[in-house]
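Below is one structure, written out as structure tokens, with a few remarks after it.
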Amino acid sequence: MSAHPLLRVEGLRVALDIGPEVLSGVDLTLDPGEIVGLVGESGSGKTTLATALLGHARPGARITGGTVTVGDVEILGLRPRELRRVRGGLVGYVAQDPATALNPALRIGTQLAEMAAVHLRGREVTAEVGAALEAAGLPSDRAFLRRYPHQLSGGQQQRVLIALAFLPNPRLVVLDEPTTALDVTTQARVLASVREMCRDRGAAAVYVSHDLGVVRGLADRVAVMYAGRVVETAPLGALFSSVSPPGARHPYTRGLLAASPDVAVRGAPRPIPGHAPSVTARPPGCAFAPRCVAADALCRTETPGQVEAGPGHVVACHHPLSGAVVPSEAAVVQDVVGEPLLRARDVSFSYGSQRVLHEVSLDLREGAFHALVGESGSGKTTLARVLSGFGGNVTGDLSYAGEPLAVSGADRPAELRRRIQYVFQNPYRALNPRHTVAEILRTPIRHLFGVPGDEARRRALDALGRVALRPEIAGRRPGELSGGERQRVAVARALVCEPSVLICDEITSALDVSVQAAILELLTTLRRDGLTVLFVTHDLGVVRAVADEVSVMHRGRIVEHGRTDDVLDDPEAPYTRSLVTAARGAVRQTW
Amino acid sequence: MTLLPRDRQVRAGALLTVLVVLVAVLGPVAAPYAADELVGPAYGAPAPGAPLGYDYLGADVLSRVLLGGRSLVLTTVCAAVLALLAGATIGMLAAWTGRLADRAVLWCADVLLAFPHLVLVLLAVSMLGRSRPLVVATVAVTLLPGTVRLARSLTLGVMRQEYVEAARLLGYPRRRILFREILPNVTTPLLVHLGAMLTWSAGLIAAMSFLGYGVAAPAADWGLMVNENHGGLRIQPWAVLVPVALIALFALGVNTLAEGLGRTVARVEEER
């Protein structure tokens, strides 16, 4: 830490207009050229902090105290006109979703020229635009500049945004989860261009992410946020060190580390008990105390101050822990010997004239935890939906336990509709917002088994218990539940059907890591009871953690399949190799 | 929901609506004279016993105001509710069935939309007579296309939701999916639309009375009163202003109420 930091945030407070604080006194410093990863789960206030660095608070919130100084400029004291010059010019910003951050009606070149015109002068513009695009790894010829945003891929759009942010040569760039919507291989390329641009232009960056793995591949230092406060700041090496003590000190940081699946490590990620408090219901004292193993009476009343834990390592905790984060037992994964229960033979699928599955074959063995991996557009969700009976323009054969299985769910016997259950990716759309949880669970029971009300209620409560939800949840509607709770209800809705096969379509991708860990733990428990699971995911870390077998999809074909360890340790197909390299690269590059 | 709504807009809208509806419904009980009783000079100014003066024939304006709301409010509400029920059913079924039925329904709705509402209603009334059920039905028909289109697009949106897909996958009966999964998710915007329809329907029916195609004299009606007395607007304004104000307040009240309710529901859902 130098004596003249580039960014200094002191005592920053942001509150909602209706009262509660989103940020309660945040301190953060950044040296010139340094990249800090700002990590936290949803509701931690990380995006609020990111936008506050540009002097902005979203509608319904306002900045109520503290200072944000970049260089010699005190951002929060600026008048609107000065603030406009600082935004973009001194502090750049890259938004999370490139699809909505670029103006769809303007050509790429026009948007870049606009940014340049505001912050640069006359003749330099063309040269600067070209240089910025090249630095972001994009072509800079006229043909590219004449394109519209929708003519670019998601990764290219995101790199255009990065080029835009770096174009006026800002001293600080704030990046708000810029790779969350991207595939692993694309993500690796985008991260590489961020790193290069920071280095070449001497800019510092605040990189907001919910993903410790991404931050690990990019940042020099990590700041962990929880419930509106920075709970731990540490150099990257100190935080991730598993050999040299002290490692991560704050119980929450350690919980996050234990919950993050890692492609290199076998064993189920461990969930953090409880869930993060909402902005309106943060507990007094240390906000993490209710979920903390080390919490005592002091933690519940006194907010802990910042304690020096090492060089550049600060932790806000009364009882910091130390030592390596112990991975949980690795005995989850097993060799599956069962017969194929659900089989697909030469299955093709088309949307109109476009073919998205090309003669795919898949064997799902009885009792297996089978992962189906691929990037977006690889056809993994389509295959899962075909197996589940969504129907459509399908050719090829399906079979269940040796018997032929109809392609359309409507043509399957009720017994098979019940035995093969599908869980949707997005828990926010999968549950009817107008029904209570009890209704959501009772309806399939009554429909499939025709049992009377009392028995249906008993089975519904039983299913809630199996997914580790409290019985009080039964009276609530989905809108009153957190994302993780909703996804558990969705799993419970599948479980009440007493299925043999559970097809899970990216069911953890919309959830925080600690919640994902809890859902994965739930699934491994269920498969111990004999359930066969097909788990669709894009995350190789998750595959390594819980799957026995894996099939890798690329462009509508299965390019490789086998035991998880065999495939991930010694990938044969070139595509699998690039996936594994990208996933490991995000973790390893800095070591 | 509590008995007294907390939202200011809902409260104001409800107050206005209730006020006008009370005048319309309870008015006939309180009217001092009959509608066709001539009790003073034509266009007579307000006098003791006749606080709003006398109309073009010499009937008591207050009595005619109190008597003339019931038919307007009743016809308006019946027409709008009928349009809502029929439109929602047709729209939901069209969206659910899809293909040919959907196209046919859309085509009919567009043809209906192409006619000016007032012309359509006047045509029907002059050809088929001016019985109240017929007026209700024709006004409802003019309101139908918008409702069908709205219900159809809302249903299409909800049908794409995954909970509906899940219900189909589990093989629930069609009726259950339509009534239990889809209907509760389209009711809020449809209720807001009902408010707008009440406004249009009130305007249309008042216009018909004004043009002489609605309630026939000597019976009292707010729209008719405007027609009868507009010649004496400068000597006896009350005979026109009071019925006009009541029609306007009714439309305003209903619209404010519906919009406020829609906003409240939307906000409750957003906060969750």
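Lettering and numbering for the structure tokens are positional, with chains as A, B, ... in the shown order, residues counted from 1 in each chain, and ligands counted from 1 in the shown order.
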
Would you tabulate, counting only C-alpha atoms, all residues of chain B that have an atom at most 7 Å from an atom of chain A, showing the closest pair of atoms and their distance in Å to one decimal, sorted by chain then ascending number, as JSON lines?
```
{"residue": "B:Gln161", "atom": "CA", "partner": "A:Arg429", "partner_atom": "CA", "distance": 6.0}
{"residue": "B:Glu162", "atom": "CA", "partner": "A:Ala430", "partner_atom": "CA", "distance": 4.6}
{"residue": "B:Tyr163", "atom": "CA", "partner": "A:Ala430", "partner_atom": "CA", "distance": 4.5}
{"residue": "B:Leu169", "atom": "CA", "partner": "A:Gly409", "partner_atom": "CA", "distance": 6.1}
{"residue": "B:Leu170", "atom": "CA", "partner": "A:Arg417", "partner_atom": "CA", "distance": 6.4}
{"residue": "B:Gly171", "atom": "CA", "partner": "A:Ala410", "partner_atom": "CA", "distance": 6.7}
{"residue": "B:Glu181", "atom": "CA", "partner": "A:Asn432", "partner_atom": "CA", "distance": 6.8}
{"residue": "B:Pro184", "atom": "CA", "partner": "A:Arg434", "partner_atom": "CA", "distance": 6.4}
{"residue": "B:Asn185", "atom": "CA", "partner": "A:Arg434", "partner_atom": "CA", "distance": 6.8}
{"residue": "B:Arg272", "atom": "CA", "partner": "A:Gly479", "partner_atom": "CA", "distance": 5.1}
```

Same residues, N, CA and C atoms, output as a PDB file, in the first residue's frame:
```
ATOM      1  N   GLN B 161     -44.404 -18.807 -19.298  1.00  0.00           N
ATOM      2  CA  GLN B 161     -43.769 -18.966 -17.991  1.00  0.00           C
ATOM      3  C   GLN B 161     -43.567 -20.456 -17.689  1.00  0.00           C
ATOM      4  N   GLU B 162     -42.517 -20.717 -16.930  1.00  0.00           N
ATOM      5  CA  GLU B 162     -42.155 -22.113 -16.745  1.00  0.00           C
ATOM      6  C   GLU B 162     -43.130 -22.866 -15.861  1.00  0.00           C
ATOM      7  N   TYR B 163     -43.861 -22.145 -14.966  1.00  0.00           N
ATOM      8  CA  TYR B 163     -44.799 -22.898 -14.136  1.00  0.00           C
ATOM      9  C   TYR B 163     -45.940 -23.446 -14.958  1.00  0.00           C
ATOM     10  N   LEU B 169     -46.399 -30.368 -18.442  1.00  0.00           N
ATOM     11  CA  LEU B 169     -45.550 -31.554 -18.412  1.00  0.00           C
ATOM     12  C   LEU B 169     -46.129 -32.610 -17.484  1.00  0.00           C
ATOM     13  N   LEU B 170     -46.739 -32.156 -16.364  1.00  0.00           N
ATOM     14  CA  LEU B 170     -47.319 -33.097 -15.414  1.00  0.00           C
ATOM     15  C   LEU B 170     -48.670 -33.605 -15.907  1.00  0.00           C
ATOM     16  N   GLY B 171     -49.150 -33.054 -17.016  1.00  0.00           N
ATOM     17  CA  GLY B 171     -50.392 -33.542 -17.604  1.00  0.00           C
ATOM     18  C   GLY B 171     -51.645 -33.073 -16.888  1.00  0.00           C
ATOM     19  N   GLU B 181     -53.793 -21.844 -13.122  1.00  0.00           N
ATOM     20  CA  GLU B 181     -52.406 -21.399 -13.324  1.00  0.00           C
ATOM     21  C   GLU B 181     -52.366 -20.057 -14.056  1.00  0.00           C
ATOM     22  N   PRO B 184     -55.263 -16.411 -12.545  1.00  0.00           N
ATOM     23  CA  PRO B 184     -54.872 -15.510 -11.452  1.00  0.00           C
ATOM     24  C   PRO B 184     -53.743 -14.561 -11.841  1.00  0.00           C
ATOM     25  N   ASN B 185     -52.964 -14.921 -12.865  1.00  0.00           N
ATOM     26  CA  ASN B 185     -51.838 -14.079 -13.244  1.00  0.00           C
ATOM     27  C   ASN B 185     -52.190 -13.031 -14.289  1.00  0.00           C
ATOM     28  N   ARG B 272     -41.827  -7.722  -2.993  1.00  0.00           N
ATOM     29  CA  ARG B 272     -41.573  -9.076  -2.509  1.00  0.00           C
ATOM     30  C   ARG B 272     -40.205  -9.576  -2.901  1.00  0.00           C
TER      31      ARG B 272
END
```

Picked from range 211-425 of chain A by DSSP as strand (DSSP E or B), as a ChimeraX atom specification | /A:221-226,229-235,307-310,313-315,340-351,354-365,369-373,390,393-400,403-405,408,420-423

Restricting to only C-alpha atoms, whichever of A:Gln156, A:Gly88, A:Val347, A:Ala136 is closest to Val194 in chain A is A:Ala136

Skipping near chain neighbours, those fewer than 2 positions away, what residues fall within 9 Å of Val23 in chain B using only C-alpha atoms, listed as JSON, numbers by chain?
-> {"B": [18, 19, 20, 21, 25, 26, 27, 28, 65, 66, 67, 69, 70]}

Convert the current residue selection to file output with N, CA and C atoms, as a PDB file, in the first residue's frame.
```pdb
ATOM      1  N   VAL B  18     -67.898   5.993  -5.173  1.00  0.00           N
ATOM      2  CA  VAL B  18     -68.985   5.689  -4.242  1.00  0.00           C
ATOM      3  C   VAL B  18     -69.981   6.841  -4.196  1.00  0.00           C
ATOM      4  N   LEU B  19     -69.469   8.074  -4.198  1.00  0.00           N
ATOM      5  CA  LEU B  19     -70.323   9.258  -4.138  1.00  0.00           C
ATOM      6  C   LEU B  19     -71.295   9.304  -5.315  1.00  0.00           C
ATOM      7  N   VAL B  20     -70.743   9.164  -6.526  1.00  0.00           N
ATOM      8  CA  VAL B  20     -71.587   9.253  -7.717  1.00  0.00           C
ATOM      9  C   VAL B  20     -72.567   8.079  -7.760  1.00  0.00           C
ATOM     10  N   VAL B  21     -72.080   6.882  -7.425  1.00  0.00           N
ATOM     11  CA  VAL B  21     -72.957   5.710  -7.460  1.00  0.00           C
ATOM     12  C   VAL B  21     -74.085   5.869  -6.438  1.00  0.00           C
ATOM     13  N   VAL B  25     -77.907   5.646  -7.348  1.00  0.00           N
ATOM     14  CA  VAL B  25     -78.718   4.527  -6.875  1.00  0.00           C
ATOM     15  C   VAL B  25     -79.791   4.982  -5.882  1.00  0.00           C
ATOM     16  N   LEU B  26     -79.388   5.854  -4.932  1.00  0.00           N
ATOM     17  CA  LEU B  26     -80.341   6.272  -3.906  1.00  0.00           C
ATOM     18  C   LEU B  26     -81.123   7.510  -4.310  1.00  0.00           C
ATOM     19  N   GLY B  27     -80.677   8.199  -5.372  1.00  0.00           N
ATOM     20  CA  GLY B  27     -81.324   9.423  -5.828  1.00  0.00           C
ATOM     21  C   GLY B  27     -82.829   9.303  -5.978  1.00  0.00           C
ATOM     22  N   PRO B  28     -83.311   8.306  -6.709  1.00  0.00           N
ATOM     23  CA  PRO B  28     -84.749   8.197  -6.952  1.00  0.00           C
ATOM     24  C   PRO B  28     -85.573   8.199  -5.667  1.00  0.00           C
ATOM     25  N   VAL B  65     -81.898  15.260 -11.816  1.00  0.00           N
ATOM     26  CA  VAL B  65     -80.517  14.797 -11.574  1.00  0.00           C
ATOM     27  C   VAL B  65     -80.538  13.538 -10.717  1.00  0.00           C
ATOM     28  N   LEU B  66     -81.350  13.577  -9.656  1.00  0.00           N
ATOM     29  CA  LEU B  66     -81.396  12.432  -8.743  1.00  0.00           C
ATOM     30  C   LEU B  66     -81.979  11.200  -9.437  1.00  0.00           C
ATOM     31  N   LEU B  67     -82.903  11.429 -10.368  1.00  0.00           N
ATOM     32  CA  LEU B  67     -83.561  10.310 -11.034  1.00  0.00           C
ATOM     33  C   LEU B  67     -82.764   9.797 -12.227  1.00  0.00           C
ATOM     34  N   GLY B  69     -79.506   9.238 -12.910  1.00  0.00           N
ATOM     35  CA  GLY B  69     -78.196   8.585 -12.868  1.00  0.00           C
ATOM     36  C   GLY B  69     -78.281   7.083 -12.955  1.00  0.00           C
ATOM     37  N   ARG B  70     -79.395   6.556 -12.462  1.00  0.00           N
ATOM     38  CA  ARG B  70     -79.469   5.111 -12.310  1.00  0.00           C
ATOM     39  C   ARG B  70     -79.270   4.395 -13.641  1.00  0.00           C
TER      40      ARG B  70
END
```

Any idea what's packed within 12 Å of Asp31 in chain A, counting only C-alpha atoms, ignoring anything in its chain fewer than 5 positions away? Could you give it as a list of chain:residue names?
-> A:Met1, A:Ser2, A:Ala3, A:His4, A:Pro5, A:Leu6, A:Leu7, A:Arg8, A:Val36, A:Val70, A:Gly71, A:Arg171, A:Leu172, A:Gly202, A:Ala203, A:Ala204, A:Ala205, A:Val206, A:Asp220, A:Arg221, A:Gly312
